[in-house]
Structure formats: structure tokens, C-alpha cells
>>> print(open('query_26.pdb').read())   # PDB, C-alpha atoms
MODEL        1
ATOM      1  CA  MET X 626      -4.497  -1.195  -0.578  1.00  0.00           C
ATOM      2  CA  THR X 627      -2.316   1.321  -2.389  1.00  0.00           C
ATOM      3  CA  ILE X 628      -1.089   1.074  -5.987  1.00  0.00           C
ATOM      4  CA  GLY X 629       2.445   0.857  -4.591  1.00  0.00           C
ATOM      5  CA  GLU X 630       1.471  -2.157  -2.465  1.00  0.00           C
ATOM      6  CA  ILE X 631      -0.056  -3.833  -5.537  1.00  0.00           C
ATOM      7  CA  ALA X 632       3.228  -3.333  -7.405  1.00  0.00           C
ATOM      8  CA  LYS X 633       5.201  -4.789  -4.513  1.00  0.00           C
ATOM      9  CA  LEU X 634       2.913  -7.786  -3.929  1.00  0.00           C
ATOM     10  CA  THR X 635       2.856  -8.773  -7.602  1.00  0.00           C
ATOM     11  CA  ASN X 636       6.528  -7.949  -8.174  1.00  0.00           C
ATOM     12  CA  ALA X 637       5.412  -5.601 -10.939  1.00  0.00           C
ATOM     13  CA  LYS X 638       7.216  -2.960 -12.932  1.00  0.00           C
ATOM     14  CA  VAL X 639       5.647   0.495 -12.885  1.00  0.00           C
ATOM     15  CA  LEU X 640       5.306   1.492 -16.556  1.00  0.00           C
ATOM     16  CA  THR X 641       3.646   4.811 -15.715  1.00  0.00           C
ATOM     17  CA  GLY X 642       2.157   6.461 -12.626  1.00  0.00           C
ATOM     18  CA  GLU X 643       5.092   6.675 -10.198  1.00  0.00           C
ATOM     19  CA  ASP X 644       3.293   9.676  -8.706  1.00  0.00           C
ATOM     20  CA  LEU X 645       0.148   7.593  -8.063  1.00  0.00           C
ATOM     21  CA  LEU X 646       1.738   4.863  -5.921  1.00  0.00           C
ATOM     22  CA  SER X 647       0.283   6.186  -2.675  1.00  0.00           C
ATOM     23  CA  LYS X 648      -3.241   6.234  -4.148  1.00  0.00           C
ATOM     24  CA  GLU X 649      -5.715   3.890  -2.454  1.00  0.00           C
ATOM     25  CA  VAL X 650      -7.752   1.363  -4.449  1.00  0.00           C
ATOM     26  CA  LEU X 651     -10.885  -0.110  -2.913  1.00  0.00           C
ATOM     27  CA  THR X 652     -11.830  -2.974  -5.248  1.00  0.00           C
ATOM     28  CA  ALA X 653     -10.472  -4.931  -8.202  1.00  0.00           C
ATOM     29  CA  CYS X 654     -11.679  -6.789 -11.246  1.00  0.00           C
ATOM     30  CA  GLY X 655      -9.941  -9.174 -13.624  1.00  0.00           C
ATOM     31  CA  ALA X 656     -11.128  -9.188 -17.241  1.00  0.00           C
ATOM     32  CA  ASP X 657      -9.991  -9.281 -20.855  1.00  0.00           C
ATOM     33  CA  LEU X 658     -13.464  -8.365 -22.065  1.00  0.00           C
ATOM     34  CA  MET X 659     -13.950  -4.602 -21.846  1.00  0.00           C
ATOM     35  CA  SER X 660     -17.698  -5.039 -22.425  1.00  0.00           C
ATOM     36  CA  ASP X 661     -17.845  -6.782 -19.035  1.00  0.00           C
ATOM     37  CA  VAL X 662     -15.791  -4.081 -17.343  1.00  0.00           C
ATOM     38  CA  LEU X 663     -18.204  -1.455 -18.675  1.00  0.00           C
ATOM     39  CA  ALA X 664     -21.256  -3.360 -17.458  1.00  0.00           C
ATOM     40  CA  TYR X 665     -20.287  -3.263 -13.776  1.00  0.00           C
ATOM     41  CA  ILE X 666     -19.727  -0.100 -11.788  1.00  0.00           C
ATOM     42  CA  ARG X 667     -17.139  -0.016  -9.078  1.00  0.00           C
ATOM     43  CA  ASN X 668     -15.442   2.790  -7.263  1.00  0.00           C
ATOM     44  CA  GLN X 669     -11.781   3.611  -7.442  1.00  0.00           C
ATOM     45  CA  SER X 670     -10.692   0.237  -8.658  1.00  0.00           C
ATOM     46  CA  VAL X 671      -7.873  -1.648 -10.321  1.00  0.00           C
ATOM     47  CA  LEU X 672      -8.222  -3.633 -13.552  1.00  0.00           C
ATOM     48  CA  ILE X 673      -6.169  -6.809 -13.935  1.00  0.00           C
ATOM     49  CA  THR X 674      -6.015  -7.719 -17.613  1.00  0.00           C
ATOM     50  CA  GLY X 675      -4.149  -9.335 -20.482  1.00  0.00           C
ATOM     51  CA  LEU X 676      -5.607  -6.839 -22.958  1.00  0.00           C
ATOM     52  CA  THR X 677      -3.009  -4.167 -23.648  1.00  0.00           C
ATOM     53  CA  ASN X 678      -4.438  -1.718 -26.176  1.00  0.00           C
ATOM     54  CA  ALA X 679      -5.774   1.837 -26.178  1.00  0.00           C
ATOM     55  CA  GLN X 680      -9.296   0.637 -25.409  1.00  0.00           C
ATOM     56  CA  THR X 681      -8.078  -0.865 -22.132  1.00  0.00           C
ATOM     57  CA  VAL X 682      -7.119   2.672 -21.097  1.00  0.00           C
ATOM     58  CA  ARG X 683     -10.275   4.320 -22.500  1.00  0.00           C
ATOM     59  CA  THR X 684     -12.499   1.797 -20.740  1.00  0.00           C
ATOM     60  CA  SER X 685     -10.612   2.379 -17.486  1.00  0.00           C
ATOM     61  CA  GLU X 686     -10.981   6.123 -17.899  1.00  0.00           C
ATOM     62  CA  MET X 687     -14.756   5.849 -18.334  1.00  0.00           C
ATOM     63  CA  MET X 688     -15.025   3.590 -15.267  1.00  0.00           C
ATOM     64  CA  ASP X 689     -12.810   5.759 -13.029  1.00  0.00           C
ATOM     65  CA  ILE X 690     -10.344   2.872 -12.783  1.00  0.00           C
ATOM     66  CA  VAL X 691      -7.089   4.270 -11.414  1.00  0.00           C
ATOM     67  CA  CYS X 692      -4.670   1.407 -12.079  1.00  0.00           C
ATOM     68  CA  ILE X 693      -4.223  -1.237 -14.805  1.00  0.00           C
ATOM     69  CA  VAL X 694      -2.165  -4.347 -14.040  1.00  0.00           C
ATOM     70  CA  ILE X 695      -0.944  -6.111 -17.185  1.00  0.00           C
ATOM     71  CA  VAL X 696      -0.409  -9.835 -16.534  1.00  0.00           C
ATOM     72  CA  ARG X 697       2.059 -12.409 -17.884  1.00  0.00           C
ATOM     73  CA  GLY X 698       4.585  -9.702 -18.725  1.00  0.00           C
ATOM     74  CA  LYS X 699       2.735  -8.868 -21.942  1.00  0.00           C
ATOM     75  CA  GLN X 700       3.956  -5.896 -23.950  1.00  0.00           C
ATOM     76  CA  PRO X 701       1.605  -2.911 -24.075  1.00  0.00           C
ATOM     77  CA  ALA X 702       0.494  -1.880 -27.575  1.00  0.00           C
ATOM     78  CA  PRO X 703       2.269   1.241 -28.916  1.00  0.00           C
ATOM     79  CA  GLY X 704       0.780   4.363 -27.350  1.00  0.00           C
ATOM     80  CA  MET X 705      -1.041   2.566 -24.532  1.00  0.00           C
ATOM     81  CA  VAL X 706       1.283   3.661 -21.724  1.00  0.00           C
ATOM     82  CA  GLU X 707       1.398   7.261 -23.031  1.00  0.00           C
ATOM     83  CA  LEU X 708      -2.393   7.397 -23.183  1.00  0.00           C
ATOM     84  CA  ALA X 709      -2.623   6.096 -19.611  1.00  0.00           C
ATOM     85  CA  ALA X 710      -0.128   8.734 -18.455  1.00  0.00           C
ATOM     86  CA  GLU X 711      -2.257  11.458 -20.089  1.00  0.00           C
ATOM     87  CA  SER X 712      -5.359  10.037 -18.416  1.00  0.00           C
ATOM     88  CA  GLY X 713      -3.781   9.868 -14.959  1.00  0.00           C
ATOM     89  CA  ILE X 714      -3.951   6.067 -14.787  1.00  0.00           C
ATOM     90  CA  ALA X 715      -1.089   3.948 -13.414  1.00  0.00           C
ATOM     91  CA  VAL X 716       0.049   0.945 -15.485  1.00  0.00           C
ATOM     92  CA  LEU X 717       1.883  -1.951 -13.832  1.00  0.00           C
ATOM     93  CA  SER X 718       3.333  -5.035 -15.500  1.00  0.00           C
ATOM     94  CA  THR X 719       3.616  -8.315 -13.619  1.00  0.00           C
ATOM     95  CA  GLY X 720       5.052 -11.651 -14.717  1.00  0.00           C
ATOM     96  CA  TYR X 721       2.278 -13.554 -12.917  1.00  0.00           C
ATOM     97  CA  SER X 722      -0.773 -14.943 -14.740  1.00  0.00           C
ATOM     98  CA  MET X 723      -4.190 -13.320 -14.321  1.00  0.00           C
ATOM     99  CA  TYR X 724      -5.334 -16.088 -11.949  1.00  0.00           C
ATOM    100  CA  THR X 725      -2.255 -15.813  -9.734  1.00  0.00           C
ATOM    101  CA  THR X 726      -2.283 -12.000  -9.740  1.00  0.00           C
ATOM    102  CA  CYS X 727      -5.938 -11.936  -8.678  1.00  0.00           C
ATOM    103  CA  GLY X 728      -5.195 -14.582  -6.016  1.00  0.00           C
ATOM    104  CA  ILE X 729      -2.306 -12.633  -4.518  1.00  0.00           C
ATOM    105  CA  LEU X 730      -4.318  -9.408  -4.284  1.00  0.00           C
ATOM    106  CA  HIS X 731      -7.425 -11.114  -2.939  1.00  0.00           C
ATOM    107  CA  ASN X 732      -5.390 -12.976  -0.294  1.00  0.00           C
ATOM    108  CA  ASN X 733      -4.015  -9.637   0.804  1.00  0.00           C
ATOM    109  CA  GLY X 734      -7.444  -8.157   1.355  1.00  0.00           C
ATOM    110  CA  LEU X 735      -8.396  -6.534  -1.963  1.00  0.00           C
ATOM    111  CA  SER X 736     -11.920  -7.760  -2.731  1.00  0.00           C
ATOM    112  CA  GLY X 737     -14.006  -7.738  -5.890  1.00  0.00           C
ATOM    113  CA  GLY X 738     -16.572  -5.595  -4.125  1.00  0.00           C
ATOM    114  CA  GLU X 739     -19.455  -7.050  -6.105  1.00  0.00           C
ATOM    115  CA  ARG X 740     -22.837  -8.308  -5.134  1.00  0.00           C
ATOM    116  CA  VAL X 741     -23.208 -12.014  -5.815  1.00  0.00           C
ATOM    117  CA  ILE X 742     -25.377 -12.652  -8.851  1.00  0.00           C
ATOM    118  CA  ALA X 743     -27.973 -15.267  -7.911  1.00  0.00           C
TER     119      ALA X 743
ATOM    120  CA  MET O 569     -26.256  26.293 -15.679  1.00  0.00           C
ATOM    121  CA  PRO O 570     -26.151  27.718 -19.227  1.00  0.00           C
ATOM    122  CA  LYS O 571     -27.180  25.567 -22.154  1.00  0.00           C
ATOM    123  CA  LEU O 572     -24.173  23.916 -23.747  1.00  0.00           C
ATOM    124  CA  HIS O 573     -23.628  22.111 -27.014  1.00  0.00           C
ATOM    125  CA  PHE O 574     -20.750  19.861 -28.017  1.00  0.00           C
ATOM    126  CA  LYS O 575     -20.203  18.258 -31.402  1.00  0.00           C
ATOM    127  CA  TYR O 576     -17.815  15.403 -32.132  1.00  0.00           C
ATOM    128  CA  ASP O 577     -16.838  13.900 -35.497  1.00  0.00           C
ATOM    129  CA  ILE O 578     -16.078  10.215 -35.097  1.00  0.00           C
ATOM    130  CA  ASP O 579     -13.411   8.717 -37.323  1.00  0.00           C
ATOM    131  CA  GLY O 580     -14.469   5.253 -38.405  1.00  0.00           C
ATOM    132  CA  ASP O 581     -11.100   4.115 -39.722  1.00  0.00           C
ATOM    133  CA  ASP O 582      -9.017   3.948 -36.580  1.00  0.00           C
ATOM    134  CA  PHE O 583     -10.227   1.714 -33.780  1.00  0.00           C
ATOM    135  CA  THR O 584      -7.383   2.768 -31.496  1.00  0.00           C
ATOM    136  CA  ARG O 585      -8.867   6.298 -31.439  1.00  0.00           C
ATOM    137  CA  ALA O 586     -12.394   5.152 -30.564  1.00  0.00           C
ATOM    138  CA  GLY O 587     -13.320   6.729 -27.251  1.00  0.00           C
ATOM    139  CA  GLU O 588     -11.552  10.050 -27.784  1.00  0.00           C
ATOM    140  CA  ALA O 589     -14.846  11.919 -28.012  1.00  0.00           C
ATOM    141  CA  SER O 590     -16.199  10.262 -24.869  1.00  0.00           C
ATOM    142  CA  SER O 591     -12.977  11.153 -23.083  1.00  0.00           C
ATOM    143  CA  LYS O 592     -13.393  14.803 -24.138  1.00  0.00           C
ATOM    144  CA  LEU O 593     -17.021  14.845 -23.003  1.00  0.00           C
ATOM    145  CA  LYS O 594     -16.036  13.368 -19.649  1.00  0.00           C
ATOM    146  CA  GLN O 595     -13.474  16.153 -19.145  1.00  0.00           C
ATOM    147  CA  SER O 596     -16.089  18.789 -20.030  1.00  0.00           C
ATOM    148  CA  LEU O 597     -18.646  17.295 -17.632  1.00  0.00           C
ATOM    149  CA  LYS O 598     -16.065  17.296 -14.844  1.00  0.00           C
ATOM    150  CA  GLN O 599     -15.443  20.992 -15.440  1.00  0.00           C
ATOM    151  CA  LEU O 600     -19.179  21.627 -15.061  1.00  0.00           C
ATOM    152  CA  GLY O 601     -19.010  20.175 -11.572  1.00  0.00           C
ATOM    153  CA  LEU O 602     -21.655  17.484 -12.125  1.00  0.00           C
ATOM    154  CA  SER O 603     -21.643  14.521  -9.737  1.00  0.00           C
ATOM    155  CA  PRO O 604     -19.148  11.695 -10.428  1.00  0.00           C
ATOM    156  CA  ALA O 605     -21.956   9.124 -10.678  1.00  0.00           C
ATOM    157  CA  LEU O 606     -23.813  11.172 -13.304  1.00  0.00           C
ATOM    158  CA  ILE O 607     -20.614  11.841 -15.242  1.00  0.00           C
ATOM    159  CA  ARG O 608     -19.797   8.162 -15.277  1.00  0.00           C
ATOM    160  CA  ARG O 609     -23.245   7.151 -16.534  1.00  0.00           C
ATOM    161  CA  ALA O 610     -23.078   9.663 -19.402  1.00  0.00           C
ATOM    162  CA  SER O 611     -19.490   8.704 -20.243  1.00  0.00           C
ATOM    163  CA  ILE O 612     -20.163   4.967 -20.307  1.00  0.00           C
ATOM    164  CA  ALA O 613     -23.332   5.390 -22.389  1.00  0.00           C
ATOM    165  CA  MET O 614     -21.539   7.539 -24.970  1.00  0.00           C
ATOM    166  CA  TYR O 615     -18.394   5.393 -25.018  1.00  0.00           C
ATOM    167  CA  GLU O 616     -20.378   2.230 -25.771  1.00  0.00           C
ATOM    168  CA  GLY O 617     -22.130   4.106 -28.564  1.00  0.00           C
ATOM    169  CA  GLU O 618     -18.870   5.496 -29.900  1.00  0.00           C
ATOM    170  CA  ILE O 619     -17.383   1.989 -30.000  1.00  0.00           C
ATOM    171  CA  ASN O 620     -20.463   0.830 -31.917  1.00  0.00           C
ATOM    172  CA  MET O 621     -20.123   3.675 -34.434  1.00  0.00           C
ATOM    173  CA  VAL O 622     -16.528   2.715 -35.182  1.00  0.00           C
ATOM    174  CA  ALA O 623     -17.142  -1.042 -35.061  1.00  0.00           C
ATOM    175  CA  HIS O 624     -20.245  -1.123 -37.250  1.00  0.00           C
ATOM    176  CA  ALA O 625     -20.859   2.159 -39.044  1.00  0.00           C
ATOM    177  CA  ASP O 626     -17.577   3.684 -40.229  1.00  0.00           C
ATOM    178  CA  GLY O 627     -17.902   6.578 -37.789  1.00  0.00           C
ATOM    179  CA  GLY O 628     -20.442   9.393 -37.631  1.00  0.00           C
ATOM    180  CA  VAL O 629     -21.347  12.513 -35.678  1.00  0.00           C
ATOM    181  CA  ILE O 630     -22.237  12.900 -31.993  1.00  0.00           C
ATOM    182  CA  ASP O 631     -24.134  15.934 -30.700  1.00  0.00           C
ATOM    183  CA  VAL O 632     -24.356  16.500 -26.955  1.00  0.00           C
ATOM    184  CA  ASP O 633     -26.695  19.082 -25.434  1.00  0.00           C
ATOM    185  CA  ILE O 634     -26.631  19.938 -21.771  1.00  0.00           C
ATOM    186  CA  ASP O 635     -29.234  22.034 -20.001  1.00  0.00           C
ATOM    187  CA  THR O 636     -30.624  22.189 -16.470  1.00  0.00           C
ATOM    188  CA  VAL O 637     -32.791  19.125 -17.050  1.00  0.00           C
ATOM    189  CA  ALA O 638     -30.672  16.557 -18.875  1.00  0.00           C
ATOM    190  CA  ILE O 639     -27.628  15.565 -20.888  1.00  0.00           C
ATOM    191  CA  THR O 640     -28.898  14.625 -24.342  1.00  0.00           C
ATOM    192  CA  ILE O 641     -26.584  12.573 -26.565  1.00  0.00           C
ATOM    193  CA  VAL O 642     -27.522  12.071 -30.234  1.00  0.00           C
ATOM    194  CA  MET O 643     -25.300   9.669 -32.168  1.00  0.00           C
ATOM    195  CA  LYS O 644     -25.868   9.658 -35.909  1.00  0.00           C
ATOM    196  CA  ASP O 645     -24.200   7.500 -38.520  1.00  0.00           C
ATOM    197  CA  THR O 646     -24.738   6.653 -42.166  1.00  0.00           C
ATOM    198  CA  GLY O 647     -23.654   3.047 -41.775  1.00  0.00           C
ATOM    199  CA  LYS O 648     -25.332  -0.180 -42.742  1.00  0.00           C
ATOM    200  CA  GLY O 649     -28.127   0.107 -40.180  1.00  0.00           C
ATOM    201  CA  ILE O 650     -29.536  -2.424 -37.710  1.00  0.00           C
ATOM    202  CA  GLU O 651     -31.713  -5.145 -39.236  1.00  0.00           C
ATOM    203  CA  ASP O 652     -33.494  -6.205 -36.062  1.00  0.00           C
ATOM    204  CA  ILE O 653     -33.387  -3.591 -33.294  1.00  0.00           C
ATOM    205  CA  ALA O 654     -35.230  -5.817 -30.787  1.00  0.00           C
ATOM    206  CA  ALA O 655     -32.601  -8.546 -31.259  1.00  0.00           C
ATOM    207  CA  ALA O 656     -29.740  -6.028 -31.047  1.00  0.00           C
ATOM    208  CA  MET O 657     -31.087  -4.805 -27.700  1.00  0.00           C
ATOM    209  CA  LYS O 658     -30.742  -8.281 -26.166  1.00  0.00           C
ATOM    210  CA  GLU O 659     -27.654  -8.990 -24.089  1.00  0.00           C
ATOM    211  CA  GLY O 660     -25.291 -11.299 -25.937  1.00  0.00           C
ATOM    212  CA  PHE O 661     -26.487 -10.485 -29.467  1.00  0.00           C
ATOM    213  CA  SER O 662     -23.519  -9.388 -31.548  1.00  0.00           C
ATOM    214  CA  THR O 663     -22.487  -9.017 -35.178  1.00  0.00           C
ATOM    215  CA  ALA O 664     -18.997  -7.697 -34.346  1.00  0.00           C
ATOM    216  CA  SER O 665     -15.925  -8.645 -36.391  1.00  0.00           C
ATOM    217  CA  ASP O 666     -12.962 -10.599 -35.038  1.00  0.00           C
ATOM    218  CA  GLU O 667     -10.941  -7.362 -35.021  1.00  0.00           C
ATOM    219  CA  VAL O 668     -13.482  -5.720 -32.715  1.00  0.00           C
ATOM    220  CA  ARG O 669     -13.489  -8.789 -30.449  1.00  0.00           C
ATOM    221  CA  GLN O 670      -9.704  -8.675 -30.218  1.00  0.00           C
ATOM    222  CA  MET O 671     -10.029  -5.139 -28.883  1.00  0.00           C
ATOM    223  CA  GLY O 672     -12.133  -6.462 -26.000  1.00  0.00           C
ATOM    224  CA  PHE O 673     -15.610  -5.737 -27.359  1.00  0.00           C
ATOM    225  CA  GLY O 674     -18.317  -7.464 -29.360  1.00  0.00           C
ATOM    226  CA  ALA O 675     -19.914  -9.316 -26.456  1.00  0.00           C
ATOM    227  CA  GLY O 676     -23.374  -8.012 -27.276  1.00  0.00           C
ATOM    228  CA  MET O 677     -23.441  -5.756 -24.224  1.00  0.00           C
ATOM    229  CA  GLY O 678     -23.188  -2.313 -25.833  1.00  0.00           C
ATOM    230  CA  LEU O 679     -26.795  -1.339 -26.555  1.00  0.00           C
ATOM    231  CA  PRO O 680     -28.160  -2.953 -23.341  1.00  0.00           C
ATOM    232  CA  ASN O 681     -25.517  -1.098 -21.331  1.00  0.00           C
ATOM    233  CA  MET O 682     -26.363   2.206 -23.053  1.00  0.00           C
ATOM    234  CA  LYS O 683     -29.993   1.680 -22.081  1.00  0.00           C
ATOM    235  CA  LYS O 684     -29.013   0.798 -18.524  1.00  0.00           C
ATOM    236  CA  HIS O 685     -27.026   3.997 -18.057  1.00  0.00           C
ATOM    237  CA  SER O 686     -29.518   6.388 -19.654  1.00  0.00           C
ATOM    238  CA  ASP O 687     -32.961   7.457 -18.468  1.00  0.00           C
ATOM    239  CA  TYR O 688     -34.335   7.448 -22.011  1.00  0.00           C
ATOM    240  CA  MET O 689     -33.027   5.784 -25.144  1.00  0.00           C
ATOM    241  CA  LYS O 690     -34.388   5.606 -28.668  1.00  0.00           C
ATOM    242  CA  VAL O 691     -32.863   3.743 -31.603  1.00  0.00           C
ATOM    243  CA  ASP O 692     -33.913   4.728 -35.131  1.00  0.00           C
ATOM    244  CA  SER O 693     -32.366   2.663 -37.875  1.00  0.00           C
ATOM    245  CA  THR O 694     -32.912   1.965 -41.550  1.00  0.00           C
ATOM    246  CA  VAL O 695     -30.910  -0.751 -43.256  1.00  0.00           C
ATOM    247  CA  GLY O 696     -28.570   0.773 -45.825  1.00  0.00           C
ATOM    248  CA  VAL O 697     -29.260   4.329 -44.617  1.00  0.00           C
ATOM    249  CA  GLY O 698     -27.941   4.545 -41.071  1.00  0.00           C
ATOM    250  CA  THR O 699     -28.689   4.633 -37.383  1.00  0.00           C
ATOM    251  CA  THR O 700     -29.483   7.407 -34.918  1.00  0.00           C
ATOM    252  CA  VAL O 701     -29.371   6.689 -31.200  1.00  0.00           C
ATOM    253  CA  THR O 702     -30.768   9.299 -28.809  1.00  0.00           C
ATOM    254  CA  MET O 703     -30.044   9.048 -25.103  1.00  0.00           C
ATOM    255  CA  LYS O 704     -31.057  11.312 -22.245  1.00  0.00           C
ATOM    256  CA  ILE O 705     -29.452  11.269 -18.828  1.00  0.00           C
ATOM    257  CA  SER O 706     -31.465  13.245 -16.323  1.00  0.00           C
ATOM    258  CA  ILE O 707     -29.725  15.916 -14.260  1.00  0.00           C
ATOM    259  CA  VAL O 708     -32.794  16.756 -12.183  1.00  0.00           C
ATOM    260  CA  GLY O 709     -32.418  15.516  -8.655  1.00  0.00           C
ATOM    261  CA  GLU O 710     -28.643  15.746  -8.748  1.00  0.00           C
TER     262      GLU O 710
ENDMDL
END
>>> encode(input="query_26.pdb", output="C-alpha cells")
Amino acid sequence: MTIGEIAKLTNAKVLTGEDLLSKEVLTACGADLMSDVLAYIRNQSVLITGLTNAQTVRTSEMMDIVCIVIVRGKQPAPGMVELAAESGIAVLSTGYSMYTTCGILHNNGLSGGERVIA
Amino acid sequence: MPKLHFKYDIDGDDFTRAGEASSKLKQSLKQLGLSPALIRRASIAMYEGEINMVAHADGGVIDVDIDTVAITIVMKDTGKGIEDIAAAMKEGFSTASDEVRQMGFGAGMGLPNMKKHSDYMKVDSTVGVGTTVTMKISIVGE
């Protein structure tokens, strides 16, 4: 799935990263807790989150996450979008909740890509 | 590869800037042409440590040495120290403030995750004096 398709499916505004819309993402995760994001490695993924500060971008940068989807139309903290632009990370804003956003993307074939923890 | 040294001063006052040093290191490692998996391990390990330095110790200094064998990251602060290192190493143990939790951290995953992403980790800490964390990420075999 491309970042552009994610924007379309979730009816999201592109806050930064217009040039990244054709980029492919392979997996996704939904989390407000950055500690959890940092504990699980995934490749070329998208982060669906309600946390909209600089650390959301820094965490994404460390994890090679290429796209952040902000849910519930929340406002990004000052500087967040600029930092993402500098880091080459797309930021989308959708009016859907985290649960619904994850559901839409999963239904359309974007998986979590994780191993099930027994 | 030549031996390289990087030094970063970590500002303890501004949580929004936490991670700047790790971001800079990641850029430098990319320029060295190291593998993405290795770069990510080093970046995550240092970022977790950097967050800890800002969250608990009012900043500090990070020295990174890179040679043909390993990336060595030494994080030194003069903060309040860790009372019980064994407890702090357990997943879920946290003494983070509400402010830190609001930033998406403080789940008690930092030190365990640093250990997970490094090949060697040592924590030296004295209450009231400070903490030094040394991590090595092996390059051999890359």
C-alpha cells in the first residue's frame, strides 16, 4: 500500500510529504506509547497514533517509519510537522479514531506484520 | 574504516529536543555505509538512553566511538542516580514523571530495550552522583 492510498482510504489531509505519496509501506502499527513502538522492529512502516509531539517524529525516525497518521483530527504540536518534513517522514491527519483507522487499513490489506506473542 | 569519535551534549531542560543527538548519530552512521539493521539497533539504543538522560538526569554527555569492531556508546550524567539497577532493568519498572508519560514514554521499557539492541551493556550508578551507561554494538560480521 502506498502513502497516497492510505491518505485516500482514511480521507486524510497530507500535512507534509506530498513528494512521498508514491512510497510503499509494508506494515503498520497503532500506538500512543512510543516505548512500545521502540520495542518492536518493523520495516518501512506506518505509525497510527494520537500522540502529536516531537518525540512521535523522533521515534519514527529511529524506527525507519516513513509515515505518521494522526487520528481524530488532533492538532500536531508546534514544530512537529516541520521536524517530520526535515526527517523525510510524511504526516497525515484523519478524522477517524485510531480503532477505525487501523480497521480501514487492515481491511484493505495492510497487516501488522508481527509474530503472535504466545 | 578509520576510527571515529562523536561527542554530544544533551540538554536536560527541553524534552521536545530529546533525540536530536540520536538523530545526528543516525545520519553519521548512514554516511558510513553501515547496514540499515545495525544503524537502527545503535540508533534505538542511544535514543532510549537519551530520553532517559533528559527524563531522569537533567541531561549529560554522550561519547560515541566507532572502529572496525564495534560502535561504543558511553552516556554519562550527573543526575540523581539509580537506586536499584536490577529493578530498573526489569520491563515495566518506571519512576518517570507524568510529563514524561505524556510524551509517550515512561513505560519501563527503556533500559531493557537498550540491552536488547546492544551486544554489551553496563550500567554504573551512584545515588546522588550520577549514572554512566556503556553500550557496545558489534560491527564484526556485518
>>> resolve_selection(input="query_26.pdb", expression="the ChimeraX specification (/O :<8) & /X", output="PyMOL selection string")
chain X and resi 657-661+663-664+676+678-681+683+686-689
>>> closest_residue(input="query_26.pdb", among="X:Tyr721, X:Cys692, X:Thr684, X:Gly713", to="O:Glu618", atoms="all atoms listed in the file")
X:Thr684
>>> atom_distance(input="query_26.pdb", atom1="atom CA of O:Val695", atom2="atom CA of O:Glu667")
22.6 Å
>>> resolve_selection(input="query_26.pdb", expression="the PyMOL selection byres ((chain O and resi 638) around 8)", output="PDB file with C-alpha atoms, in the frame of the given file")
ATOM      1  CA  ILE O 634     -26.631  19.938 -21.771  1.00  0.00           C
ATOM      2  CA  ASP O 635     -29.234  22.034 -20.001  1.00  0.00           C
ATOM      3  CA  THR O 636     -30.624  22.189 -16.470  1.00  0.00           C
ATOM      4  CA  VAL O 637     -32.791  19.125 -17.050  1.00  0.00           C
ATOM      5  CA  ILE O 639     -27.628  15.565 -20.888  1.00  0.00           C
ATOM      6  CA  THR O 640     -28.898  14.625 -24.342  1.00  0.00           C
ATOM      7  CA  LYS O 704     -31.057  11.312 -22.245  1.00  0.00           C
ATOM      8  CA  ILE O 705     -29.452  11.269 -18.828  1.00  0.00           C
ATOM      9  CA  SER O 706     -31.465  13.245 -16.323  1.00  0.00           C
ATOM     10  CA  ILE O 707     -29.725  15.916 -14.260  1.00  0.00           C
ATOM     11  CA  VAL O 708     -32.794  16.756 -12.183  1.00  0.00           C
TER      12      VAL O 708
END
>>> resolve_selection(input="query_26.pdb", expression="the PyMOL selection byres ((chain X and resi 729) around 12)", output="JSON, numbers by chain")
{"X": [630, 631, 632, 633, 634, 635, 636, 653, 673, 719, 721, 722, 723, 724, 725, 726, 727, 728, 730, 731, 732, 733, 734, 735, 736]}
>>> atom_distance(input="query_26.pdb", atom1="atom CA of X:Leu708", atom2="atom CA of X:Thr677")
11.6 Å
>>> atom_distance(input="query_26.pdb", atom1="atom CA of X:Val691", atom2="atom CA of X:Val650")
7.6 Å
>>> residues_around(input="query_26.pdb", residues="X:Thr627", least_positions_apart="5", cutoff="8 Å", atoms="all atoms listed in the file", output="ChimeraX atom specification")
/X:646-650
>>> axis_aligned_box(input="query_26.pdb", around="stretch 679-684 of chain O", padding_each_side="4 Å", output="AutoDock Vina command-line options")
--center_x -27.8 --center_y -0.4 --center_z -22.5 --size_x 12.5 --size_y 13.2 --size_z 16.0
>>> closest_residue(input="query_26.pdb", among="X:Thr652, X:Thr641, X:Ser712, X:Ser718", to="X:Val696", atoms="only C-alpha atoms")
X:Ser718
>>> closest_residue(input="query_26.pdb", among="X:Arg697, X:Val639, X:Ala702, X:Met626", to="X:Ile714", atoms="all atoms listed in the file")
X:Val639
>>> closest_residue(input="query_26.pdb", among="X:Leu651, X:Tyr665, X:Val694, X:Pro703", to="X:Val716", atoms="all atoms listed in the file")
X:Val694
>>> closest_residue(input="query_26.pdb", among="O:Ile578, O:Ile641, O:Ala623, O:Leu572", to="O:Leu600", atoms="only C-alpha atoms")
O:Leu572
>>> residues_around(input="query_26.pdb", residues="stretch 651-657 of chain O", least_positions_apart="2", cutoff="8 Å", atoms="all atoms listed in the file", output="VMD selection string")
chain O and resid 649 659 661 to 662 676 679 to 680 691 693 to 695
>>> closest_residue(input="query_26.pdb", among="X:Lys699, X:Leu717, X:Ala710, X:Asn668", to="X:Gly629", atoms="all atoms listed in the file")
X:Leu717
